[in-house]
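File shown here: entry_39.cif, holding mmCIF, C-alpha atoms.
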data_start
loop_
_atom_site.label_atom_id
_atom_site.label_comp_id
_atom_site.auth_asym_id
_atom_site.auth_seq_id
_atom_site.Cartn_x
_atom_site.Cartn_y
_atom_site.Cartn_z
CA MET A 1333 48.85 43.41 11.27
CA THR A 1334 48.91 44.24 7.53
CA SER A 1335 45.19 45.02 7.52
CA ASN A 1336 45.81 48.23 9.55
CA LEU A 1337 45.70 50.53 6.53
CA THR A 1338 45.57 54.29 6.55
CA SER A 1339 42.32 55.87 5.40
CA GLU A 1340 43.88 56.70 2.02
CA GLU A 1341 45.11 53.11 1.59
CA GLN A 1342 41.73 51.73 2.61
CA ALA A 1343 40.00 53.96 0.06
CA ALA A 1344 42.41 52.87 -2.67
CA ALA A 1345 42.01 49.18 -1.80
CA ALA A 1346 38.22 49.53 -1.68
CA ALA A 1347 38.20 51.24 -5.09
CA VAL A 1348 40.23 48.45 -6.63
CA GLU A 1349 38.03 45.82 -5.00
CA ARG A 1350 34.85 47.52 -6.21
CA SER A 1351 36.30 47.72 -9.70
CA ALA A 1352 37.19 44.03 -9.67
CA ALA A 1353 33.78 43.10 -8.29
CA THR A 1354 31.91 44.97 -11.03
CA SER A 1355 34.25 44.07 -13.87
CA GLN A 1356 34.35 40.27 -13.90
CA LEU A 1357 32.53 37.23 -12.53
CA ARG A 1358 33.64 33.64 -12.92
CA PHE A 1359 30.75 31.21 -12.69
CA ALA A 1360 29.97 27.59 -13.52
CA THR A 1361 26.83 25.76 -14.52
CA ALA A 1362 25.93 22.24 -13.37
CA GLY A 1363 22.95 19.95 -13.46
CA SER A 1364 21.70 16.49 -14.35
CA VAL A 1365 21.63 15.19 -17.90
CA ASP A 1366 18.94 16.90 -20.00
CA ASP A 1367 18.22 19.53 -17.37
CA GLY A 1368 19.06 22.15 -20.01
CA LYS A 1369 22.44 23.56 -18.96
CA SER A 1370 23.73 24.13 -22.47
CA THR A 1371 20.37 25.57 -23.55
CA LEU A 1372 20.48 28.00 -20.62
CA VAL A 1373 24.01 29.09 -21.52
CA GLY A 1374 23.04 29.43 -25.17
CA ARG A 1375 19.98 31.48 -24.24
CA LEU A 1376 22.11 33.65 -21.97
CA LEU A 1377 24.60 34.30 -24.77
CA HIS A 1378 21.91 34.82 -27.42
CA ASP A 1379 19.61 37.12 -25.47
CA SER A 1380 22.49 39.20 -24.10
CA LYS A 1381 23.64 39.80 -27.70
CA SER A 1382 26.92 37.97 -27.09
CA VAL A 1383 26.71 35.69 -30.13
CA LEU A 1384 28.37 36.62 -33.42
CA ALA A 1385 26.25 36.45 -36.57
CA ASP A 1386 28.31 33.65 -38.11
CA GLN A 1387 28.04 31.60 -34.90
CA LEU A 1388 24.26 31.94 -34.87
CA GLU A 1389 24.11 31.07 -38.57
CA ALA A 1390 26.14 27.91 -37.97
CA VAL A 1391 23.82 26.90 -35.13
CA GLU A 1392 20.75 27.50 -37.29
CA HIS A 1393 22.24 25.40 -40.09
CA ALA A 1394 23.14 22.56 -37.69
CA SER A 1395 19.66 22.68 -36.17
CA ARG A 1396 17.95 22.48 -39.57
CA SER A 1397 20.13 19.50 -40.52
CA ARG A 1398 18.81 17.73 -37.41
CA GLY A 1399 15.21 18.47 -38.38
CA GLN A 1400 14.66 21.29 -35.88
CA GLU A 1401 12.76 24.37 -36.95
CA ALA A 1402 14.07 26.68 -34.25
CA PRO A 1403 17.83 27.09 -33.58
CA ASP A 1404 19.11 24.76 -30.85
CA LEU A 1405 20.95 27.23 -28.62
CA ALA A 1406 22.66 24.37 -26.78
CA LEU A 1407 24.93 24.01 -29.81
CA LEU A 1408 26.56 27.32 -28.90
CA THR A 1409 28.39 25.57 -26.06
CA ASP A 1410 28.51 21.89 -27.05
CA GLY A 1411 31.56 22.24 -29.25
CA LEU A 1412 32.84 18.66 -29.46
CA ARG A 1413 31.47 16.49 -32.27
CA ALA A 1414 30.59 13.74 -29.78
CA GLU A 1415 28.67 16.29 -27.72
CA ARG A 1416 26.63 17.44 -30.70
CA GLU A 1417 25.93 13.90 -31.88
CA GLN A 1418 24.89 12.59 -28.46
CA GLY A 1419 23.18 15.75 -27.29
CA ILE A 1420 25.18 15.81 -24.07
CA THR A 1421 27.98 17.87 -22.55
CA ILE A 1422 31.22 15.92 -22.10
CA ASP A 1423 33.97 18.44 -21.43
CA VAL A 1424 34.04 21.80 -19.65
CA ALA A 1425 33.16 24.51 -22.18
CA TYR A 1426 34.49 27.95 -21.31
CA ARG A 1427 32.73 30.97 -22.74
CA TYR A 1428 33.54 34.65 -22.39
CA PHE A 1429 30.89 37.34 -22.72
CA ALA A 1430 30.11 40.76 -21.38
CA THR A 1431 27.28 43.17 -20.65
CA PRO A 1432 27.56 46.88 -19.90
CA LYS A 1433 27.65 46.03 -16.19
CA ARG A 1434 30.10 43.11 -15.98
CA ARG A 1435 32.39 40.73 -17.86
CA PHE A 1436 31.86 36.99 -17.41
CA ILE A 1437 33.92 33.82 -17.62
CA LEU A 1438 31.50 30.90 -17.80
CA ALA A 1439 32.29 27.21 -17.36
CA ASP A 1440 29.55 24.92 -18.69
CA THR A 1441 30.24 21.62 -16.92
CA PRO A 1442 28.92 18.12 -17.74
CA GLY A 1443 26.01 16.55 -15.90
CA HIS A 1444 26.96 12.86 -16.06
CA VAL A 1445 28.19 11.17 -12.89
CA GLN A 1446 31.34 10.00 -14.70
CA TYR A 1447 32.26 13.64 -15.39
CA THR A 1448 32.22 14.82 -11.77
CA ARG A 1449 35.92 15.65 -12.13
CA ASN A 1450 35.03 18.07 -14.93
CA MET A 1451 32.68 19.94 -12.64
CA VAL A 1452 35.41 20.13 -10.01
CA THR A 1453 37.72 21.64 -12.62
CA GLY A 1454 35.15 24.18 -13.77
CA ALA A 1455 33.96 25.18 -10.30
CA SER A 1456 37.36 25.28 -8.59
CA THR A 1457 37.86 28.96 -9.50
CA ALA A 1458 34.19 29.94 -9.72
CA GLU A 1459 32.68 32.60 -7.50
CA LEU A 1460 29.17 31.42 -8.31
CA ALA A 1461 27.59 28.13 -9.38
CA VAL A 1462 24.31 27.79 -11.26
CA VAL A 1463 22.72 24.42 -10.46
CA LEU A 1464 19.90 23.47 -12.81
CA VAL A 1465 16.93 21.30 -11.86
CA ASP A 1466 14.23 20.00 -14.20
CA ALA A 1467 10.95 21.22 -12.73
CA ARG A 1468 9.31 17.90 -13.67
CA ASN A 1469 11.87 15.79 -11.77
CA GLY A 1470 12.79 18.03 -8.84
CA VAL A 1471 15.90 17.49 -6.75
CA VAL A 1472 17.58 14.25 -7.79
CA GLU A 1473 20.76 12.46 -6.78
CA GLN A 1474 22.93 14.41 -9.23
CA THR A 1475 21.49 17.68 -7.92
CA ARG A 1476 22.63 16.77 -4.42
CA ARG A 1477 26.01 15.72 -5.83
CA HIS A 1478 26.50 19.09 -7.49
CA ALA A 1479 25.45 20.94 -4.34
CA ALA A 1480 27.97 18.89 -2.36
CA VAL A 1481 30.77 19.66 -4.83
CA ALA A 1482 29.95 23.37 -4.67
CA ALA A 1483 30.07 23.19 -0.87
CA LEU A 1484 33.37 21.29 -0.88
CA LEU A 1485 34.92 23.85 -3.22
CA ARG A 1486 33.64 26.73 -1.05
CA VAL A 1487 31.81 28.39 -3.94
CA PRO A 1488 30.40 31.46 -2.15
CA HIS A 1489 27.21 31.89 -4.20
CA VAL A 1490 24.86 29.22 -5.55
CA VAL A 1491 21.91 29.84 -7.87
CA LEU A 1492 19.20 27.18 -8.13
CA ALA A 1493 17.70 27.53 -11.60
CA VAL A 1494 14.45 25.54 -11.73
CA ASN A 1495 14.24 24.97 -15.48
CA LYS A 1496 11.44 23.85 -17.83
CA MET A 1497 8.79 25.70 -15.88
CA ASP A 1498 6.84 25.87 -19.15
CA LEU A 1499 6.35 22.08 -18.91
CA VAL A 1500 4.66 22.34 -15.50
CA ASP A 1501 2.37 25.22 -16.51
CA TYR A 1502 4.55 27.73 -14.65
CA ALA A 1503 3.11 26.48 -11.36
CA GLU A 1504 4.39 28.35 -8.32
CA PRO A 1505 3.87 25.41 -5.87
CA VAL A 1506 6.17 23.22 -7.99
CA PHE A 1507 8.92 25.84 -7.87
CA ALA A 1508 8.41 26.53 -4.15
CA ALA A 1509 8.69 22.84 -3.19
CA ILE A 1510 11.88 22.32 -5.20
CA ALA A 1511 13.43 25.54 -3.88
CA GLU A 1512 12.70 24.61 -0.27
CA GLU A 1513 14.11 21.09 -0.62
CA PHE A 1514 17.31 22.25 -2.32
CA THR A 1515 17.87 25.21 -0.02
CA THR A 1516 17.52 23.04 3.08
CA TYR A 1517 19.98 20.48 1.72
CA ALA A 1518 22.55 23.01 0.47
CA ALA A 1519 22.39 25.00 3.71
CA SER A 1520 23.11 21.84 5.68
CA LEU A 1521 26.35 21.52 3.67
CA GLY A 1522 27.41 25.02 4.58
CA VAL A 1523 26.62 26.80 1.31
CA PRO A 1524 26.54 30.45 2.47
CA GLU A 1525 24.14 31.95 -0.09
CA ILE A 1526 21.43 30.31 -2.22
CA THR A 1527 19.20 32.11 -4.73
CA ALA A 1528 16.33 30.24 -6.42
CA ILE A 1529 15.03 31.41 -9.81
CA PRO A 1530 12.23 29.77 -11.90
CA ILE A 1531 13.15 29.74 -15.59
CA SER A 1532 12.47 28.27 -19.00
CA ALA A 1533 15.74 28.26 -20.90
CA LEU A 1534 14.00 27.12 -24.08
CA ALA A 1535 11.41 29.92 -24.03
CA GLY A 1536 13.66 32.50 -22.39
CA ASP A 1537 11.58 33.05 -19.24
CA ASN A 1538 13.59 34.79 -16.48
CA VAL A 1539 16.93 34.15 -18.17
CA VAL A 1540 17.67 37.63 -19.51
CA THR A 1541 14.18 39.14 -19.55
CA ALA A 1542 11.47 38.79 -16.91
CA SER A 1543 8.77 36.24 -17.60
CA ALA A 1544 5.22 37.32 -18.36
CA ASN A 1545 4.09 33.81 -17.41
CA MET A 1546 5.24 33.93 -13.78
CA ASP A 1547 3.90 37.16 -12.31
CA TRP A 1548 4.05 35.46 -8.90
CA TYR A 1549 7.86 35.66 -9.01
CA GLY A 1550 9.30 39.04 -8.09
CA GLY A 1551 13.02 38.23 -7.95
CA PRO A 1552 15.79 38.90 -10.45
CA THR A 1553 16.36 37.14 -13.75
CA VAL A 1554 19.44 34.97 -14.05
CA LEU A 1555 21.40 37.70 -15.85
CA GLU A 1556 20.29 40.39 -13.40
CA HIS A 1557 21.55 38.28 -10.52
CA LEU A 1558 24.83 37.55 -12.30
CA GLU A 1559 25.32 41.26 -12.92
CA THR A 1560 24.64 42.34 -9.35
CA VAL A 1561 25.87 39.54 -7.08
CA PRO A 1562 28.75 40.82 -4.94
CA VAL A 1563 32.04 39.08 -5.63
CA GLY A 1564 35.47 39.34 -4.09
CA THR A 1565 36.40 40.16 -0.53
CA ASP A 1566 38.13 42.99 1.26
CA PRO A 1567 41.83 42.06 0.93
CA SER A 1568 42.68 43.83 4.16
CA GLN A 1569 40.66 41.21 6.07
CA ASP A 1570 42.91 38.31 5.00
CA PRO A 1571 46.48 37.60 6.10
CA ALA A 1572 48.94 38.32 3.29
CA ARG A 1573 50.39 35.43 1.31
CA PHE A 1574 53.04 35.95 -1.38
CA PRO A 1575 54.31 32.84 -3.22
CA VAL A 1576 57.62 33.64 -4.91
CA GLN A 1577 57.55 32.89 -8.63
CA TYR A 1578 60.88 34.25 -9.77
CA VAL A 1579 64.00 35.80 -8.27
CA ILE A 1580 65.26 38.82 -10.21
CA ARG A 1581 69.06 39.28 -10.12
CA PRO A 1582 70.17 41.56 -13.02
CA GLN A 1583 73.77 41.84 -11.69
CA THR A 1584 74.45 44.74 -14.06
CA ALA A 1585 76.63 47.79 -13.53
CA GLU A 1586 73.48 49.79 -12.85
CA HIS A 1587 72.04 47.22 -10.42
CA PRO A 1588 74.97 45.19 -9.08
CA ASP A 1589 73.29 44.12 -5.83
CA TYR A 1590 69.59 44.17 -6.76
CA ARG A 1591 67.59 41.18 -5.60
CA GLY A 1592 63.83 41.23 -6.18
CA TYR A 1593 61.20 38.59 -5.60
CA ALA A 1594 58.44 38.53 -8.23
CA GLY A 1595 55.02 36.91 -7.93
CA GLN A 1596 51.30 37.43 -7.47
CA ILE A 1597 49.89 38.29 -4.07
CA ALA A 1598 47.60 35.36 -3.27
CA SER A 1599 45.72 37.13 -0.47
CA GLY A 1600 45.87 40.11 1.85
CA VAL A 1601 47.80 43.37 1.73
CA LEU A 1602 51.55 44.06 1.75
CA ARG A 1603 53.14 47.38 2.70
CA VAL A 1604 56.64 48.77 2.74
CA GLY A 1605 57.93 48.34 6.29
CA ASP A 1606 56.03 45.10 6.97
CA ALA A 1607 57.91 42.43 8.87
CA VAL A 1608 57.67 39.18 6.90
CA THR A 1609 58.67 35.57 7.46
CA VAL A 1610 60.03 33.42 4.64
CA LEU A 1611 58.60 29.92 4.65
CA PRO A 1612 59.54 27.14 5.02
CA SER A 1613 62.96 28.42 6.23
CA GLY A 1614 61.46 30.66 8.93
CA ARG A 1615 63.90 33.52 8.31
CA THR A 1616 62.57 37.03 8.81
CA SER A 1617 63.10 40.39 7.14
CA THR A 1618 61.33 43.65 6.30
CA ILE A 1619 59.84 44.81 3.00
CA THR A 1620 61.84 47.77 1.70
CA GLY A 1621 60.23 48.20 -1.72
CA ILE A 1622 57.23 47.16 -3.82
CA ASP A 1623 57.45 47.43 -7.60
CA ALA A 1624 54.04 47.27 -9.30
CA LEU A 1625 54.52 47.15 -13.08
CA GLY A 1626 57.51 49.46 -12.96
CA THR A 1627 56.04 51.88 -10.44
CA MET A 1628 57.27 51.96 -6.87
CA VAL A 1629 54.34 51.90 -4.44
CA ASP A 1630 53.93 51.78 -0.68
CA VAL A 1631 51.09 49.26 -0.60
CA ALA A 1632 49.84 46.37 -2.78
CA TRP A 1633 47.06 43.83 -2.39
CA ALA A 1634 45.71 40.62 -3.89
CA PRO A 1635 45.61 39.76 -6.74
CA GLN A 1636 48.25 42.23 -7.91
CA SER A 1637 51.51 40.97 -9.41
CA VAL A 1638 54.49 42.76 -7.88
CA THR A 1639 58.19 42.52 -7.15
CA LEU A 1640 59.31 42.83 -3.53
CA THR A 1641 62.68 43.82 -2.15
CA LEU A 1642 63.76 42.98 1.40
CA ALA A 1643 66.09 44.57 3.90
CA ASP A 1644 68.16 41.39 4.31
CA ASP A 1645 70.00 39.32 1.72
CA LEU A 1646 68.27 35.98 2.32
CA ASP A 1647 68.37 32.70 0.45
CA ILE A 1648 64.93 32.81 -1.19
CA SER A 1649 63.91 30.93 -4.32
CA ARG A 1650 60.84 29.96 -6.33
CA GLY A 1651 58.35 28.11 -4.16
CA ASP A 1652 59.09 30.02 -0.96
CA LEU A 1653 56.20 31.87 0.66
CA LEU A 1654 56.38 35.32 2.26
CA ALA A 1655 53.82 36.02 4.98
CA PRO A 1656 53.40 38.58 7.80
CA SER A 1657 55.54 37.53 10.74
CA ASP A 1658 52.58 37.90 13.12
CA HIS A 1659 50.19 35.90 10.88
CA ALA A 1660 52.39 33.30 9.22
CA PRO A 1661 50.91 29.84 8.55
CA GLU A 1662 52.32 26.77 10.26
CA THR A 1663 54.54 24.57 8.12
CA THR A 1664 53.98 20.83 8.03
CA ARG A 1665 55.02 17.66 6.25
CA ASP A 1666 51.84 15.83 7.25
CA VAL A 1667 48.87 16.87 5.13
CA GLU A 1668 45.26 15.82 5.65
CA ALA A 1669 42.88 16.85 2.90
CA THR A 1670 39.74 16.21 0.92
CA VAL A 1671 40.57 15.33 -2.67
CA CYS A 1672 38.83 14.66 -5.96
CA HIS A 1673 40.66 12.10 -8.07
CA LEU A 1674 40.84 13.21 -11.71
CA HIS A 1675 42.85 10.49 -13.45
CA ASP A 1676 41.60 7.21 -14.89
CA ARG A 1677 44.29 5.35 -12.96
CA PRO A 1678 43.22 4.93 -9.30
CA LEU A 1679 44.98 6.73 -6.47
CA ARG A 1680 46.20 4.14 -3.97
CA VAL A 1681 47.79 4.03 -0.53
CA GLY A 1682 51.55 3.99 -1.02
CA ASP A 1683 51.52 5.93 -4.30
CA ARG A 1684 54.44 8.28 -4.81
CA VAL A 1685 53.40 11.64 -6.19
CA LEU A 1686 54.48 15.24 -6.57
CA LEU A 1687 52.46 17.79 -4.62
CA LYS A 1688 52.17 21.25 -6.20
CA HIS A 1689 51.13 24.02 -3.82
CA THR A 1690 51.15 27.57 -5.25
CA THR A 1691 54.62 27.82 -6.83
CA ARG A 1692 56.18 25.03 -4.74
CA THR A 1693 56.43 21.38 -5.83
CA VAL A 1694 57.63 18.64 -3.46
CA LYS A 1695 57.68 14.85 -3.36
CA ALA A 1696 54.95 13.15 -1.35
CA ILE A 1697 53.56 9.72 -0.55
CA ILE A 1698 49.95 8.68 0.05
CA LYS A 1699 50.08 7.37 3.62
CA ASP A 1700 46.38 6.64 4.05
CA ILE A 1701 42.97 7.02 2.41
CA PRO A 1702 40.72 7.00 5.49
CA SER A 1703 37.40 7.32 3.67
CA ARG A 1704 35.60 7.71 0.37
CA LEU A 1705 32.64 10.06 0.21
CA THR A 1706 29.37 9.03 -1.41
CA LEU A 1707 28.02 12.36 -2.63
CA ALA A 1708 24.49 11.08 -3.14
CA ASP A 1709 23.86 10.77 0.61
CA LEU A 1710 27.17 12.08 2.10
CA SER A 1711 27.90 8.68 3.63
CA HIS A 1712 31.49 7.52 4.15
CA HIS A 1713 33.02 4.28 2.98
CA PRO A 1714 35.87 3.67 5.45
CA ALA A 1715 39.37 2.64 4.39
CA PRO A 1716 38.68 2.11 0.67
CA GLY A 1717 42.39 1.75 -0.08
CA GLU A 1718 42.05 3.65 -3.36
CA LEU A 1719 40.09 6.37 -5.12
CA ALA A 1720 38.91 5.87 -8.70
CA ALA A 1721 38.32 8.61 -11.25
CA ASN A 1722 35.63 11.13 -10.16
CA GLU A 1723 35.66 9.86 -6.55
CA ILE A 1724 36.07 12.19 -3.59
CA GLY A 1725 37.63 11.17 -0.31
CA ARG A 1726 40.01 11.98 2.50
CA VAL A 1727 43.73 11.38 2.15
CA VAL A 1728 46.75 11.63 4.43
CA LEU A 1729 50.04 12.57 2.79
CA ARG A 1730 53.63 12.87 3.96
CA THR A 1731 55.82 15.33 2.06
CA SER A 1732 59.58 15.39 1.65
CA GLU A 1733 59.77 19.09 2.60
CA PRO A 1734 57.63 21.34 4.80
CA LEU A 1735 54.69 23.16 3.23
CA ALA A 1736 53.03 26.40 4.35
CA LEU A 1737 49.45 25.27 3.79
CA ASP A 1738 46.42 27.22 4.91
CA ALA A 1739 43.11 25.47 5.50
CA TYR A 1740 41.00 25.52 2.34
CA ASP A 1741 38.04 27.03 4.17
CA ALA A 1742 40.29 29.97 5.06
CA SER A 1743 41.87 30.41 1.61
CA ARG A 1744 40.89 28.70 -1.62
CA ARG A 1745 44.19 29.84 -3.17
CA THR A 1746 46.73 28.76 -0.55
CA GLY A 1747 44.62 25.89 0.80
CA SER A 1748 44.49 23.98 -2.49
CA PHE A 1749 47.03 21.76 -4.20
CA LEU A 1750 47.48 19.27 -7.03
CA LEU A 1751 48.93 15.78 -6.99
CA ILE A 1752 51.04 15.04 -10.07
CA ASP A 1753 52.49 11.86 -11.55
CA PRO A 1754 56.27 12.17 -11.11
CA ALA A 1755 56.87 9.97 -14.17
CA ASP A 1756 55.10 12.02 -16.84
CA GLY A 1757 53.77 15.17 -15.14
CA THR A 1758 50.11 14.16 -15.48
CA THR A 1759 47.68 15.81 -13.06
CA LEU A 1760 46.20 13.08 -10.87
CA THR A 1761 44.21 14.68 -8.07
CA ALA A 1762 42.91 18.04 -6.84
CA GLY A 1763 43.17 18.58 -3.09
CA MET A 1764 41.71 20.88 -0.45
CA ALA A 1765 43.68 21.02 2.79
CA GLY A 1766 42.13 20.83 6.21
CA ASP A 1767 38.68 19.87 7.40
CA SER A 1768 35.47 19.84 5.40
CA PHE A 1769 32.12 18.14 5.84
CA ALA A 1770 33.92 15.02 4.53
CA VAL A 1771 35.18 13.93 7.95
CA PRO A 1772 37.74 11.12 7.93
CA ALA A 1773 36.49 7.75 9.10
CA LYS A 1774 37.27 7.04 12.73
CA GLY A 1775 39.67 4.30 13.65
CA ALA A 1776 41.29 4.09 10.23
CA GLU A 1777 44.54 2.18 10.49
CA ALA A 1778 47.62 4.30 9.82
CA ALA A 1779 49.52 3.36 6.70
CA ARG A 1780 52.96 1.86 6.99
CA ASP A 1781 56.04 3.70 5.80
CA ASP A 1782 56.82 2.89 2.18
CA GLU A 1783 60.38 1.85 1.51
CA GLY A 1784 62.30 4.48 -0.41
CA TRP A 1785 59.76 7.25 0.24
CA ASP A 1786 59.72 7.27 4.04
CA PHE A 1787 59.92 10.95 4.87
#
Would you write out, as structure tokens, the structure that this file holds?
Amino acid sequence: MTSNLTSEEQAAAAAVERSAATSQLRFATAGSVDDGKSTLVGRLLHDSKSVLADQLEAVEHASRSRGQEAPDLALLTDGLRAEREQGITIDVAYRYFATPKRRFILADTPGHVQYTRNMVTGASTAELAVVLVDARNGVVEQTRRHAAVAALLRVPHVVLAVNKMDLVDYAEPVFAAIAEEFTTYAASLGVPEITAIPISALAGDNVVTASANMDWYGGPTVLEHLETVPVGTDPSQDPARFPVQYVIRPQTAEHPDYRGYAGQIASGVLRVGDAVTVLPSGRTSTITGIDALGTMVDVAWAPQSVTLTLADDLDISRGDLLAPSDHAPETTRDVEATVCHLHDRPLRVGDRVLLKHTTRTVKAIIKDIPSRLTLADLSHHPAPGELAANEIGRVVLRTSEPLALDAYDASRRTGSFLLIDPADGTTLTAGMAGDSFAVPAKGAEAARDDEGWDF
């Protein structure tokens, strides 16, 4: 197995993993309308000294023009004119900032129900999600919806930020009741780690600096938690997956027979001498060389970009997947998945789509939509026939060619896919292969083969 590293290789892999864990964190914010997401993000940027002087001046000017004495820090993230005019977040706003301990990529996602797809987009690559709750309102339907989306997307860390504590006199019982209710619900969905923090984004309590108004709280501030939460996993614990992006064939006098396979290691560790299987063809070979940015190495791990050479001259092209021969995924043309529909046009049974998985794109047909998930109470509407924008449900697809899909709960990278409109290349749907808490409805009638796309 590729995880059997020497002590030197384990030390090197651990050093790289520690460096990655302390260097960057991707996280997303979510919450109901007016819970204060954009204000929290603005406070985080302002108090961590991550706002340029001209940006702060523009915010102060915009705030004064709206009759506000103090700068409205929410304007630091609400960049669209419609967002500023309506006082809401419409699109995902990405912000990049850093502290001496860590660099951050932040996705501020909308709170409206009709923008659920935007939260899916922002949280799909997040390692942590901050879910805001208004202390006056407690856990509401949209709070449960955001917790469910975080659970579906396998976000490993969730922070419950109970905001506007200043409006409930910083009362500990209010915070404790909300934290208990949310934690119980999120844990029932399978969220592995939940941290509750009482804050006031407007006043700055427990965002960057500890609050003098809540001496009963002894936990970290939001920024302290973001700086210290462990991220990443030991790559040696995951089976290796290497989607081929590009085949390098110089065919020069210096390299007449060179054939290299370039791409990014999606998971796991690869070593020279490893026996690998090429999927979907099933042919096998052995790794003879690993080129990492022009340097030949004996071992490489996710998420490094490398070029591999093999002992055998095989027919390999973009979209093929290299995996350890003793831990290769099964290939299939029948895909069952949980999906979030992103497009305004509904996804219907019988639709012909393109399915993009890692670097491979194949034709597919929607054979069945067994159920639609109601995120408010996790109930299932059986056999809806279609999914509208922002809706989440189960789908059954049939592909024209085999795919080497992992289950999403085993690998967010190789267990996810996109459905694309074959006519214009528009992204339609985001999918997560395998089981989730969104179990397909029982007894759903299998869809009939569609003429012309019967694979």
Hits of the PyMOL selection byres ((chain A and resi 1554) around 7) in this structure, as a PyMOL selection string: chain A and resi 1538-1540+1552-1553+1555-1558
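Each of A:Ala1483, A:Leu1357, A:Leu1492, A:Val1465 was checked against Leu1438 of chain A using all atoms listed in the file; the smallest atom-to-atom distance is that of A:Leu1357.
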At a cut-off of 10 Å, can you tabulate as CSV every residue of segment 1542-1634 of chain A near segment 1669-1690 of chain A together with its closest atom pair and the distance in Å to one decimal, using only C-alpha atoms and ordering rows by chain then number?
residue,atom,partner,partner_atom,distance
A:Phe1574,CA,A:Thr1690,CA,9.4
A:Pro1575,CA,A:Thr1690,CA,6.5
A:Val1576,CA,A:Thr1690,CA,8.9
A:Gln1577,CA,A:Thr1690,CA,9.0
A:Ala1598,CA,A:Thr1690,CA,8.8
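What separates atom CA of Tyr1740 of chain A from atom CA of Leu1653 of chain A is a distance of 16.6 Å.
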Interatomic distance, atom CA of Thr1441 of chain A to atom CA of Leu1719 of chain A (Å, one decimal): 21.7 Å
Polymer residues at most 8 Å from Ser1456 of chain A, only C-alpha atoms, same-chain spacing of 4 or more positions, as a compact mmCIF listing (two decimals) with C-alpha atoms, keeping the file's coordinate frame:
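This went into around00.txt:
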# COMPACT_ATOMS: atom_id res chain seq x y z
CA VAL A 1452 35.41 20.13 -10.01
CA LEU A 1485 34.92 23.85 -3.22
CA VAL A 1487 31.81 28.39 -3.94
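Atom pair atom CA of Gly1766 of chain A / atom CA of Leu1710 of chain A: separated by 17.8 Å.
Of the residues under consideration (A:Val1601, A:Val1494, A:Leu1646, A:Ala1594), A:Leu1646 shows the shortest atom-to-atom contact distance to Thr1616 of chain A when counting all atoms listed in the file.
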Contacts of Glu1559 of chain A within 10 Å, only C-alpha atoms, excl. fewer than 5 positions in-chain, as a ChimeraX atom specification: /A:1353-1357,1430-1436,1553-1554
Spatial neighbours of Arg1665 of chain A, 6 Å, all atoms listed in the file, chain gap at least 5 places, as an MDAnalysis selection string: chainID A and resid 1730:1731 1734
Let me have the centre and edge lengths in Å, one decimal, of the box along x, y and z around every listed atom of segment 1651-1668 of chain A with 4 Å of margin on each side, as AutoDock Vina command-line options.
--center_x 52.2 --center_y 27.2 --center_z 4.5 --size_x 21.8 --size_y 30.8 --size_z 25.3
